[in-house]
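J.: Contents of entry39.pdb (PDB, C-alpha atoms):
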```pdb
ATOM      1  CA  MET Z   1      69.460 -27.529-120.954
ATOM      2  CA  ARG Z   2      70.470 -24.459-122.869
ATOM      3  CA  LYS Z   3      68.856 -24.641-126.306
ATOM      4  CA  ASN Z   4      69.728 -23.434-129.809
ATOM      5  CA  LEU Z   5      73.522 -23.534-129.591
ATOM      6  CA  LEU Z   6      75.336 -21.613-132.316
ATOM      7  CA  SER Z   7      76.092 -23.731-135.339
ATOM      8  CA  LEU Z   8      79.633 -24.673-136.309
ATOM      9  CA  LEU Z   9      79.077 -22.933-139.615
ATOM     10  CA  ALA Z  10      78.249 -19.674-137.898
ATOM     11  CA  LEU Z  11      81.261 -19.969-135.635
ATOM     12  CA  SER Z  12      83.541 -20.633-138.592
ATOM     13  CA  ALA Z  13      82.211 -17.572-140.352
ATOM     14  CA  MET Z  14      82.857 -15.452-137.275
ATOM     15  CA  LEU Z  15      86.374 -16.779-136.882
ATOM     16  CA  SER Z  16      87.310 -16.173-140.498
ATOM     17  CA  MET Z  17      85.765 -12.705-140.460
ATOM     18  CA  PHE Z  18      87.706 -11.545-137.402
ATOM     19  CA  ALA Z  19      90.934 -13.529-137.791
ATOM     20  CA  CYS Z  20      92.559 -10.394-139.133
ATOM     21  CA  LYS Z  21      91.524  -6.806-139.494
ATOM     22  CA  GLY Z  22      90.758  -5.959-143.089
ATOM     23  CA  ASN Z  23      89.156  -3.167-145.024
ATOM     24  CA  THR Z  24      85.696  -2.815-143.525
ATOM     25  CA  SER Z  25      84.655   0.151-145.615
ATOM     26  CA  GLY Z  26      83.732   0.518-149.237
ATOM     27  CA  GLN Z  27      80.529  -1.522-148.956
ATOM     28  CA  ASP Z  28      78.545   1.561-149.913
ATOM     29  CA  GLY Z  29      81.085   2.958-152.379
ATOM     30  CA  GLU Z  30      83.097   4.927-149.819
ATOM     31  CA  GLU Z  31      86.881   4.800-149.680
ATOM     32  CA  GLN Z  32      88.495   3.616-146.470
ATOM     33  CA  SER Z  33      88.744   6.476-143.980
ATOM     34  CA  SER Z  34      91.706   7.261-141.780
ATOM     35  CA  ASP Z  35      91.401   6.418-138.081
ATOM     36  CA  SER Z  36      90.932  10.082-137.163
ATOM     37  CA  GLU Z  37      88.182  10.549-139.748
ATOM     38  CA  LYS Z  38      86.401   7.385-138.626
ATOM     39  CA  ASN Z  39      86.551   8.353-134.949
ATOM     40  CA  LYS Z  40      85.203  11.802-135.764
ATOM     41  CA  LYS Z  41      82.231  10.205-137.531
ATOM     42  CA  VAL Z  42      81.540   7.909-134.577
ATOM     43  CA  GLU Z  43      81.766  10.690-132.009
ATOM     44  CA  ASN Z  44      79.172  12.725-133.891
ATOM     45  CA  VAL Z  45      76.257  10.318-133.616
ATOM     46  CA  ASP Z  46      73.662  12.752-134.897
ATOM     47  CA  VAL Z  47      70.855  10.295-135.583
ATOM     48  CA  LYS Z  48      67.694  11.722-134.082
ATOM     49  CA  LYS Z  49      65.591   9.577-131.807
ATOM     50  CA  PRO Z  50      62.649   8.190-133.790
ATOM     51  CA  ASN Z  51      59.154   9.328-132.939
ATOM     52  CA  ALA Z  52      56.976   6.678-131.330
ATOM     53  CA  PRO Z  53      53.436   6.499-132.735
ATOM     54  CA  LYS Z  54      50.501   7.721-130.703
ATOM     55  CA  ASN Z  55      49.458   4.720-128.687
ATOM     56  CA  GLU Z  56      46.072   3.602-127.386
ATOM     57  CA  GLY Z  57      46.470   0.794-124.898
ATOM     58  CA  VAL Z  58      49.297  -1.685-124.745
ATOM     59  CA  VAL Z  59      52.734  -0.844-126.149
ATOM     60  CA  ARG Z  60      54.026  -3.541-128.495
ATOM     61  CA  VAL Z  61      57.682  -4.256-129.186
ATOM     62  CA  LEU Z  62      59.156  -6.668-131.729
ATOM     63  CA  PHE Z  63      62.715  -7.983-131.439
ATOM     64  CA  VAL Z  64      64.378  -9.385-134.560
ATOM     65  CA  GLY Z  65      67.769 -10.894-133.795
ATOM     66  CA  ASN Z  66      69.998 -13.808-132.938
ATOM     67  CA  SER Z  67      72.040 -14.888-129.917
ATOM     68  CA  HIS Z  68      72.923 -11.277-129.050
ATOM     69  CA  THR Z  69      69.216 -10.812-128.353
ATOM     70  CA  GLU Z  70      68.642 -14.070-126.503
ATOM     71  CA  TYR Z  71      71.245 -16.578-125.315
ATOM     72  CA  TYR Z  72      72.648 -16.575-121.773
ATOM     73  CA  VAL Z  73      70.097 -13.872-121.034
ATOM     74  CA  SER Z  74      66.958 -12.800-122.888
ATOM     75  CA  LEU Z  75      66.536  -9.112-123.635
ATOM     76  CA  PRO Z  76      62.806  -9.558-124.407
ATOM     77  CA  LEU Z  77      62.250 -11.214-121.005
ATOM     78  CA  LEU Z  78      64.301  -8.589-119.182
ATOM     79  CA  LEU Z  79      62.365  -5.760-120.831
ATOM     80  CA  LYS Z  80      59.059  -7.378-119.842
ATOM     81  CA  SER Z  81      60.230  -7.737-116.237
ATOM     82  CA  PHE Z  82      61.384  -4.117-116.007
ATOM     83  CA  CYS Z  83      58.040  -3.006-117.439
ATOM     84  CA  ALA Z  84      56.039  -5.146-115.012
ATOM     85  CA  GLU Z  85      57.883  -3.617-112.038
ATOM     86  CA  ASN Z  86      57.303  -0.097-113.365
ATOM     87  CA  GLY Z  87      53.615  -0.518-114.194
ATOM     88  CA  LYS Z  88      54.047  -0.363-117.965
ATOM     89  CA  ASP Z  89      51.550  -2.247-120.114
ATOM     90  CA  ILE Z  90      53.646  -3.956-122.787
ATOM     91  CA  GLU Z  91      53.569  -6.910-125.160
ATOM     92  CA  VAL Z  92      56.833  -8.276-126.536
ATOM     93  CA  ASP Z  93      57.215 -10.503-129.593
ATOM     94  CA  GLU Z  94      60.405 -11.901-131.054
ATOM     95  CA  LEU Z  95      61.802 -13.453-134.199
ATOM     96  CA  VAL Z  96      65.081 -15.047-133.127
ATOM     97  CA  THR Z  97      67.396 -17.569-134.785
ATOM     98  CA  MET Z  98      70.845 -18.392-133.439
ATOM     99  CA  GLY Z  99      73.835 -17.348-135.570
ATOM    100  CA  ALA Z 100      71.669 -15.881-138.322
ATOM    101  CA  SER Z 101      71.538 -12.630-140.250
ATOM    102  CA  ILE Z 102      68.279 -10.702-140.433
ATOM    103  CA  ASP Z 103      67.335 -12.091-143.846
ATOM    104  CA  GLU Z 104      68.007 -15.621-142.567
ATOM    105  CA  ILE Z 105      65.978 -14.933-139.427
ATOM    106  CA  MET Z 106      63.011 -13.820-141.506
ATOM    107  CA  SER Z 107      63.283 -16.881-143.739
ATOM    108  CA  ASP Z 108      63.654 -19.256-140.795
ATOM    109  CA  ASN Z 109      60.617 -17.715-139.063
ATOM    110  CA  LYS Z 110      58.554 -17.145-142.210
ATOM    111  CA  ALA Z 111      55.199 -18.387-140.922
ATOM    112  CA  LYS Z 112      55.475 -16.577-137.597
ATOM    113  CA  ALA Z 113      56.650 -13.390-139.307
ATOM    114  CA  GLU Z 114      53.718 -13.422-141.707
ATOM    115  CA  GLN Z 115      51.328 -13.901-138.794
ATOM    116  CA  LEU Z 116      52.852 -11.085-136.736
ATOM    117  CA  PHE Z 117      53.046  -8.612-139.606
ATOM    118  CA  SER Z 118      49.423  -9.280-140.532
ATOM    119  CA  MET Z 119      48.181  -8.094-137.139
ATOM    120  CA  ALA Z 120      46.455  -4.701-137.015
ATOM    121  CA  ASP Z 121      45.383  -2.307-134.268
ATOM    122  CA  ASP Z 122      42.668   0.340-134.069
ATOM    123  CA  ASP Z 123      45.207   3.087-133.417
ATOM    124  CA  GLY Z 124      46.789   2.403-136.820
ATOM    125  CA  ASN Z 125      50.017   0.827-135.577
ATOM    126  CA  TYR Z 126      50.183  -2.714-134.268
ATOM    127  CA  TYR Z 127      53.852  -2.383-133.283
ATOM    128  CA  ASP Z 128      55.167   0.719-131.598
ATOM    129  CA  TYR Z 129      58.843  -0.291-131.547
ATOM    130  CA  ILE Z 130      60.962  -2.580-133.719
ATOM    131  CA  ILE Z 131      64.468  -3.581-132.587
ATOM    132  CA  LEU Z 132      66.654  -4.971-135.380
ATOM    133  CA  GLN Z 133      69.814  -6.876-134.421
ATOM    134  CA  GLU Z 134      72.028  -7.967-137.301
ATOM    135  CA  LYS Z 135      74.636 -10.722-137.390
ATOM    136  CA  THR Z 136      78.029  -9.337-136.346
ATOM    137  CA  PRO Z 137      80.010 -10.005-139.581
ATOM    138  CA  VAL Z 138      77.232  -8.423-141.645
ATOM    139  CA  ALA Z 139      76.949  -5.447-139.289
ATOM    140  CA  ILE Z 140      80.668  -4.699-139.447
ATOM    141  CA  THR Z 141      81.791  -5.731-142.940
ATOM    142  CA  GLU Z 142      78.732  -5.953-145.215
ATOM    143  CA  LEU Z 143      77.044  -2.565-145.025
ATOM    144  CA  ASP Z 144      74.991  -2.976-148.204
ATOM    145  CA  ASP Z 145      73.472  -6.224-146.929
ATOM    146  CA  TYR Z 146      72.970  -4.663-143.490
ATOM    147  CA  LYS Z 147      70.968  -1.832-145.033
ATOM    148  CA  ALA Z 148      68.997  -4.125-147.333
ATOM    149  CA  ASN Z 149      68.069  -6.560-144.554
ATOM    150  CA  CYS Z 150      66.812  -3.810-142.256
ATOM    151  CA  LYS Z 151      64.971  -2.070-145.090
ATOM    152  CA  SER Z 152      63.172  -5.315-145.953
ATOM    153  CA  VAL Z 153      61.836  -5.679-142.411
ATOM    154  CA  ALA Z 154      60.923  -1.988-142.209
ATOM    155  CA  GLU Z 155      58.888  -2.276-145.392
ATOM    156  CA  ARG Z 156      56.992  -5.274-144.058
ATOM    157  CA  VAL Z 157      56.371  -3.522-140.742
ATOM    158  CA  SER Z 158      55.052  -0.418-142.483
ATOM    159  CA  VAL Z 159      51.954  -2.231-143.792
ATOM    160  CA  ASN Z 160      50.231  -2.378-140.404
ATOM    161  CA  SER Z 161      52.638  -0.290-138.323
ATOM    162  CA  PRO Z 162      53.553   2.695-140.533
ATOM    163  CA  GLY Z 163      54.500   4.857-137.558
ATOM    164  CA  ALA Z 164      56.595   2.322-135.674
ATOM    165  CA  ALA Z 165      59.854   3.583-134.195
ATOM    166  CA  ILE Z 166      62.698   1.431-135.512
ATOM    167  CA  TYR Z 167      65.887   0.949-133.519
ATOM    168  CA  ILE Z 168      69.069  -0.499-134.976
ATOM    169  CA  TYR Z 169      70.789  -2.551-132.276
ATOM    170  CA  GLU Z 170      74.387  -1.298-132.046
ATOM    171  CA  LEU Z 171      76.414  -4.484-131.690
ATOM    172  CA  MET Z 172      79.338  -4.816-129.325
ATOM    173  CA  SER Z 173      82.910  -5.152-130.478
ATOM    174  CA  PRO Z 174      83.355  -8.880-131.192
ATOM    175  CA  LEU Z 175      86.804  -8.884-129.588
ATOM    176  CA  GLU Z 176      87.961  -9.291-125.993
ATOM    177  CA  TYR Z 177      87.942  -6.029-124.048
ATOM    178  CA  ASN Z 178      91.750  -6.060-123.720
ATOM    179  CA  ASP Z 179      92.392  -6.665-127.432
ATOM    180  CA  SER Z 180      94.172  -3.760-129.106
ATOM    181  CA  ASP Z 181      91.474  -3.641-131.798
ATOM    182  CA  PHE Z 182      88.502  -3.771-129.388
ATOM    183  CA  ALA Z 183      87.664  -0.077-129.719
ATOM    184  CA  ASP Z 184      88.189   0.000-133.498
ATOM    185  CA  TYR Z 185      85.665  -2.760-134.125
ATOM    186  CA  GLY Z 186      83.241  -1.113-131.731
ATOM    187  CA  ASP Z 187      83.590   2.158-133.631
ATOM    188  CA  GLU Z 188      82.935   0.344-136.901
ATOM    189  CA  ALA Z 189      79.807  -1.319-135.504
ATOM    190  CA  LEU Z 190      78.472   2.043-134.330
ATOM    191  CA  ALA Z 191      79.356   3.853-137.543
ATOM    192  CA  ASN Z 192      77.518   1.266-139.634
ATOM    193  CA  ALA Z 193      74.502   1.229-137.314
ATOM    194  CA  VAL Z 194      74.287   4.998-137.752
ATOM    195  CA  LYS Z 195      74.421   4.653-141.552
ATOM    196  CA  VAL Z 196      71.669   2.026-141.512
ATOM    197  CA  ALA Z 197      69.448   4.137-139.254
ATOM    198  CA  LYS Z 198      69.902   7.146-141.529
ATOM    199  CA  SER Z 199      68.881   5.042-144.521
ATOM    200  CA  LEU Z 200      65.494   4.230-142.963
ATOM    201  CA  LYS Z 201      62.416   6.244-142.121
ATOM    202  CA  ASN Z 202      61.870   7.020-138.422
ATOM    203  CA  ALA Z 203      64.862   5.017-137.199
ATOM    204  CA  GLY Z 204      67.485   5.464-134.506
ATOM    205  CA  VAL Z 205      70.333   3.560-132.882
ATOM    206  CA  LEU Z 206      70.004   1.460-129.735
ATOM    207  CA  ARG Z 207      73.399   2.139-128.149
ATOM    208  CA  ILE Z 208      74.066  -1.230-126.503
ATOM    209  CA  GLY Z 209      77.589  -1.609-127.879
ATOM    210  CA  SER Z 210      78.602   1.837-126.624
ATOM    211  CA  ALA Z 211      77.092   1.195-123.185
ATOM    212  CA  VAL Z 212      78.961  -2.110-122.859
ATOM    213  CA  ALA Z 213      82.189  -0.386-123.891
ATOM    214  CA  ASP Z 214      81.563   2.270-121.243
ATOM    215  CA  ALA Z 215      81.170  -0.457-118.641
ATOM    216  CA  TYR Z 216      84.460  -2.052-119.702
ATOM    217  CA  ASN Z 217      86.095   1.373-119.412
ATOM    218  CA  GLY Z 218      84.958   1.719-115.798
ATOM    219  CA  LYS Z 219      82.353   4.426-116.243
ATOM    220  CA  GLU Z 220      80.392   5.235-113.052
ATOM    221  CA  GLY Z 221      82.881   3.152-111.082
ATOM    222  CA  TYR Z 222      81.772  -0.143-112.622
ATOM    223  CA  LYS Z 223      84.317  -3.002-112.604
ATOM    224  CA  ALA Z 224      83.864  -5.363-115.535
ATOM    225  CA  VAL Z 225      86.580  -7.808-114.528
ATOM    226  CA  VAL Z 226      86.778  -9.238-111.005
ATOM    227  CA  GLU Z 227      89.449 -11.763-110.092
ATOM    228  CA  GLY Z 228      90.127 -12.326-113.779
ATOM    229  CA  LYS Z 229      86.469 -13.002-114.612
ATOM    230  CA  ASP Z 230      84.610 -10.903-117.180
ATOM    231  CA  LEU Z 231      81.194 -10.054-115.691
ATOM    232  CA  LEU Z 232      79.755  -8.572-118.894
ATOM    233  CA  ARG Z 233      80.341 -11.225-121.571
ATOM    234  CA  HIS Z 234      81.465 -14.823-121.975
ATOM    235  CA  GLY Z 235      82.555 -17.072-124.819
ATOM    236  CA  GLN Z 236      85.572 -18.610-126.496
ATOM    237  CA  ASN Z 237      84.741 -17.730-130.105
ATOM    238  CA  THR Z 238      81.585 -15.642-129.846
ATOM    239  CA  LEU Z 239      81.165 -13.366-126.819
ATOM    240  CA  HIS Z 240      77.609 -13.160-125.465
ATOM    241  CA  ILE Z 241      76.329 -10.900-122.729
ATOM    242  CA  LEU Z 242      76.025 -12.347-119.242
ATOM    243  CA  ASN Z 243      73.784 -11.188-116.393
ATOM    244  CA  ASP Z 244      75.524  -7.826-115.873
ATOM    245  CA  GLY Z 245      75.524  -7.151-119.621
ATOM    246  CA  GLY Z 246      71.897  -8.209-119.904
ATOM    247  CA  PHE Z 247      70.872  -6.008-116.986
ATOM    248  CA  LEU Z 248      72.623  -3.036-118.602
ATOM    249  CA  SER Z 249      71.034  -3.739-121.999
ATOM    250  CA  GLY Z 250      67.554  -4.334-120.581
ATOM    251  CA  ALA Z 251      67.699  -1.110-118.590
ATOM    252  CA  LEU Z 252      68.926   0.773-121.666
ATOM    253  CA  ILE Z 253      66.057  -0.519-123.796
ATOM    254  CA  TYR Z 254      63.550   0.478-121.107
ATOM    255  CA  GLN Z 255      65.217   3.899-120.817
ATOM    256  CA  THR Z 256      65.096   4.319-124.607
ATOM    257  CA  ILE Z 257      61.387   3.540-124.824
ATOM    258  CA  TYR Z 258      60.099   5.346-121.731
ATOM    259  CA  ASN Z 259      62.653   8.163-121.302
ATOM    260  CA  GLU Z 260      63.141   7.314-117.643
ATOM    261  CA  SER Z 261      65.404   5.088-115.609
ATOM    262  CA  PRO Z 262      63.552   1.979-114.469
ATOM    263  CA  LYS Z 263      62.816   1.012-110.913
ATOM    264  CA  VAL Z 264      64.651  -2.278-110.441
ATOM    265  CA  PRO Z 265      62.608  -5.282-109.283
ATOM    266  CA  GLU Z 266      63.892  -7.571-106.555
ATOM    267  CA  GLN Z 267      64.127 -10.400-109.074
ATOM    268  CA  LEU Z 268      64.826 -10.602-112.798
ATOM    269  CA  PRO Z 269      65.056 -13.473-115.323
ATOM    270  CA  LEU Z 270      68.805 -14.144-115.283
ATOM    271  CA  SER Z 271      71.132 -16.972-116.229
ATOM    272  CA  THR Z 272      72.159 -19.609-113.689
ATOM    273  CA  GLY Z 273      75.466 -20.036-115.515
ATOM    274  CA  THR Z 274      77.146 -20.649-118.858
ATOM    275  CA  GLY Z 275      76.928 -24.448-119.089
ATOM    276  CA  ASP Z 276      74.720 -26.512-121.365
ATOM    277  CA  TYR Z 277      72.436 -27.363-118.456
ATOM    278  CA  ASP Z 278      72.123 -23.831-117.115
ATOM    279  CA  GLU Z 279      68.965 -21.859-117.755
ATOM    280  CA  ILE Z 280      67.231 -18.530-117.383
ATOM    281  CA  LYS Z 281      65.135 -18.233-114.235
ATOM    282  CA  MET Z 282      64.004 -15.577-111.776
ATOM    283  CA  GLN Z 283      66.867 -14.620-109.459
ATOM    284  CA  ASP Z 284      67.559 -11.944-106.870
ATOM    285  CA  VAL Z 285      69.154  -8.873-108.415
ATOM    286  CA  ASN Z 286      71.138  -8.263-105.255
ATOM    287  CA  GLY Z 287      73.820 -10.911-105.255
ATOM    288  CA  THR Z 288      73.433 -11.689-108.981
ATOM    289  CA  ILE Z 289      74.160  -8.294-110.555
ATOM    290  CA  SER Z 290      77.512  -6.962-109.389
ATOM    291  CA  ASN Z 291      76.760  -3.210-109.424
ATOM    292  CA  ALA Z 292      73.205  -2.420-110.500
ATOM    293  CA  ASN Z 293      73.445   1.295-109.620
ATOM    294  CA  ALA Z 294      76.491   1.859-111.815
ATOM    295  CA  LEU Z 295      74.939  -0.052-114.724
ATOM    296  CA  LEU Z 296      71.713   1.959-114.430
ATOM    297  CA  LYS Z 297      73.690   5.199-114.590
ATOM    298  CA  ILE Z 298      75.560   4.007-117.683
ATOM    299  CA  ALA Z 299      72.261   3.105-119.363
ATOM    300  CA  ALA Z 300      70.817   6.509-118.454
ATOM    301  CA  GLY Z 301      73.617   8.157-120.446
ATOM    302  CA  TYR Z 302      71.989   7.033-123.687
TER     303      TYR Z 302
END
```
As a first step, turn the structure in this file into structure tokens.
T.:
Amino acid sequence: MRKNLLSLLALSAMLSMFACKGNTSGQDGEEQSSDSEKNKKVENVDVKKPNAPKNEGVVRVLFVGNSHTEYYVSLPLLLKSFCAENGKDIEVDELVTMGASIDEIMSDNKAKAEQLFSMADDDGNYYDYIILQEKTPVAITELDDYKANCKSVAERVSVNSPGAAIYIYELMSPLEYNDSDFADYGDEALANAVKVAKSLKNAGVLRIGSAVADAYNGKEGYKAVVEGKDLLRHGQNTLHILNDGGFLSGALIYQTIYNESPKVPEQLPLSTGTGDYDEIKMQDVNGTISNANALLKIAAGY
């Protein structure tokens, strides 16, 4: 049975936040920009890629997030599977709570977080990479909280992993791909992720939202909708990535860490469906992922 369903409270918050399009700027004292000014800012994503620390031995990655990190598919599990196929020695930890913001995730996982952040390594950095995924309403409309939540984790990480490369997970537009405001919300998510990354030391942006938007737009010949079915995301109130979206995101994370496109294994941990009794299990990539080559090429663009 699928576990950790999103709470009704979280769903209500999402619905109220995106029922209408309001002023999503001003959280950091800026006046609302015109559409042309906002688009110009988004197009010029000039955040440098963070420097990974010098590593001796296993590479360690920590995911902090909610259902956009692990729900129908698990990005930590997909990354581990890509690494295993490509001969990469990696350890992956996660702090995940459904429907929660980063501060709520840290509070909900307090004991585990304290244990993980107390770990040390001889090379001076226990974690090499930190991936921070914020709750969608916070990421789009509460920039001050977004910055504060990520800064809090970065400060805790710095105790035993001062050189860790931090990546801000660029969330996807929360709207359906054919909604007239789909691109605008995606631009806002990217713009805020860029601002958060610039506010932190050694941080960059993990361009998942942009890659998913590219897939919807048919880049590399990919078809996101087949016979009326969205192959990238599913949900009535909250859209979560499905197998194709997870494959794209997992490949992008691998590409971001190792600067190379991954060799694809014959099987990956993928969802059997979207029902309460469906689960994640190893499945053949051929026949489960609709167009792996196109998705790999999209991921390689970031």
J.: Report the residues retrieved by the PyMOL selection byres ((chain Z and resi 178) around 12) from the displayed file, expressed as an MDAnalysis selection string.
T.: chainID Z and resid 173:177 179:183 213 216:217 224:225 228 230
J.: Which is closer to Z:Ile105 than all the others in Z:Phe63, Z:Tyr277, Z:Tyr302, Z:Tyr127, using only C-alpha atoms?
T.: Z:Phe63
J.: Apply the PyMOL selection byres ((chain Z and resi 118) around 12) to the displayed file and report the matching residues as a PyMOL selection string.
T.: chain Z and resi 111-117+119-121+125-127+156-161
J.: What does the distance between atom CA of Z:Gln133 and atom CA of Z:Ile298 come to in Å, to one decimal place?
T.: 20.8 Å
J.: Measuring between only C-alpha atoms, which one of Z:Leu242, Z:Val264, Z:Val153, Z:Tyr254 shows the shortest distance to Z:Ser74?
T.: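 Between Z:Leu242, Z:Val264, Z:Val153, Z:Tyr254, the residue approaching Z:Ser74 most closely is Z:Leu242.
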J.: Written as a short mmCIF file (atom, residue, chain, number, x, y, z; two decimals) with C-alpha atoms, in the coordinates of the input, what is the full residue list that the PyMOL selection byres ((chain Z and resi 274) around 12) yields on the file shown?
T.:
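Wrote it out as expr_4.cif, contents follow:
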```cif
data_model
loop_
_atom_site.label_atom_id
_atom_site.label_comp_id
_atom_site.auth_asym_id
_atom_site.auth_seq_id
_atom_site.Cartn_x
_atom_site.Cartn_y
_atom_site.Cartn_z
CA MET Z 1 69.46 -27.53 -120.95
CA ARG Z 2 70.47 -24.46 -122.87
CA LYS Z 3 68.86 -24.64 -126.31
CA LEU Z 5 73.52 -23.53 -129.59
CA TYR Z 71 71.24 -16.58 -125.32
CA TYR Z 72 72.65 -16.58 -121.77
CA VAL Z 73 70.10 -13.87 -121.03
CA LEU Z 231 81.19 -10.05 -115.69
CA ARG Z 233 80.34 -11.22 -121.57
CA HIS Z 234 81.46 -14.82 -121.98
CA GLY Z 235 82.56 -17.07 -124.82
CA GLN Z 236 85.57 -18.61 -126.50
CA LEU Z 239 81.17 -13.37 -126.82
CA HIS Z 240 77.61 -13.16 -125.46
CA ILE Z 241 76.33 -10.90 -122.73
CA LEU Z 242 76.03 -12.35 -119.24
CA ASN Z 243 73.78 -11.19 -116.39
CA LEU Z 270 68.81 -14.14 -115.28
CA SER Z 271 71.13 -16.97 -116.23
CA THR Z 272 72.16 -19.61 -113.69
CA GLY Z 273 75.47 -20.04 -115.52
CA GLY Z 275 76.93 -24.45 -119.09
CA ASP Z 276 74.72 -26.51 -121.36
CA TYR Z 277 72.44 -27.36 -118.46
CA ASP Z 278 72.12 -23.83 -117.12
CA GLU Z 279 68.96 -21.86 -117.76
CA ILE Z 280 67.23 -18.53 -117.38
#
```
J.: Let me make sure I understand: among Z:Leu78, Z:Asp128, Z:Ile140, Z:Pro50, which one has the smallest atom-to-atom distance to Z:Val285 if we use all atoms listed in the file?
T.: Z:Leu78
J.: Return the single residue from Z:Asn86, Z:Ser199, Z:Asn192, Z:Thr136 that is closest to Z:Thr238, with distances computed using only C-alpha atoms.
T.: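 Distance minimum relative to Z:Thr238 lands on Z:Thr136.
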J.: Could you check how far atom CA of Z:Gly245 sits from atom CA of Z:Gly87, in Å to one decimal?
T.: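 Atom-to-atom, atom CA of Z:Gly245 and atom CA of Z:Gly87 are spaced 23.5 Å apart.
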J.: Which residue out of Z:His68, Z:Lys80, Z:Lys110, Z:Lys223 has the minimum interatomic distance to Z:Ile253 when all atoms listed in the file are used?
T.: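 Closest residue, counting all atoms listed in the file: Z:Lys80.
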J.: Identify which of the residues Z:Asp103, Z:Glu142, Z:Glu155, Z:Asp46 lies closest to Z:Val194, counting all atoms listed in the file when measuring atom-to-atom distances.
T.: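 Selected residue with least distance to Z:Val194: Z:Asp46.
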J.: Need the axis-aligned box for stretch 201-204 of chain Z with 6 Å each side, so what are the centre and edges in Å to one decimal, as lines of an AutoDock Vina configuration file?
T.:
```
center_x = 64.7
center_y = 6.0
center_z = -138.3
size_x = 17.6
size_y = 14.0
size_z = 19.6
```
J.: Residues at most 8 Å from Z:Gly57, counting all atoms listed in the file, excluding those fewer than 2 positions away in the same chain, as a list in words?
T.: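 My list of contacting residues is Asn55, Val59 and Asp89 of chain Z.
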J.: What is the distance, in Å and to one decimal place, between atom CA of Z:Ile130 and atom CA of Z:Asp244?
T.: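 The value is 23.6 Å.
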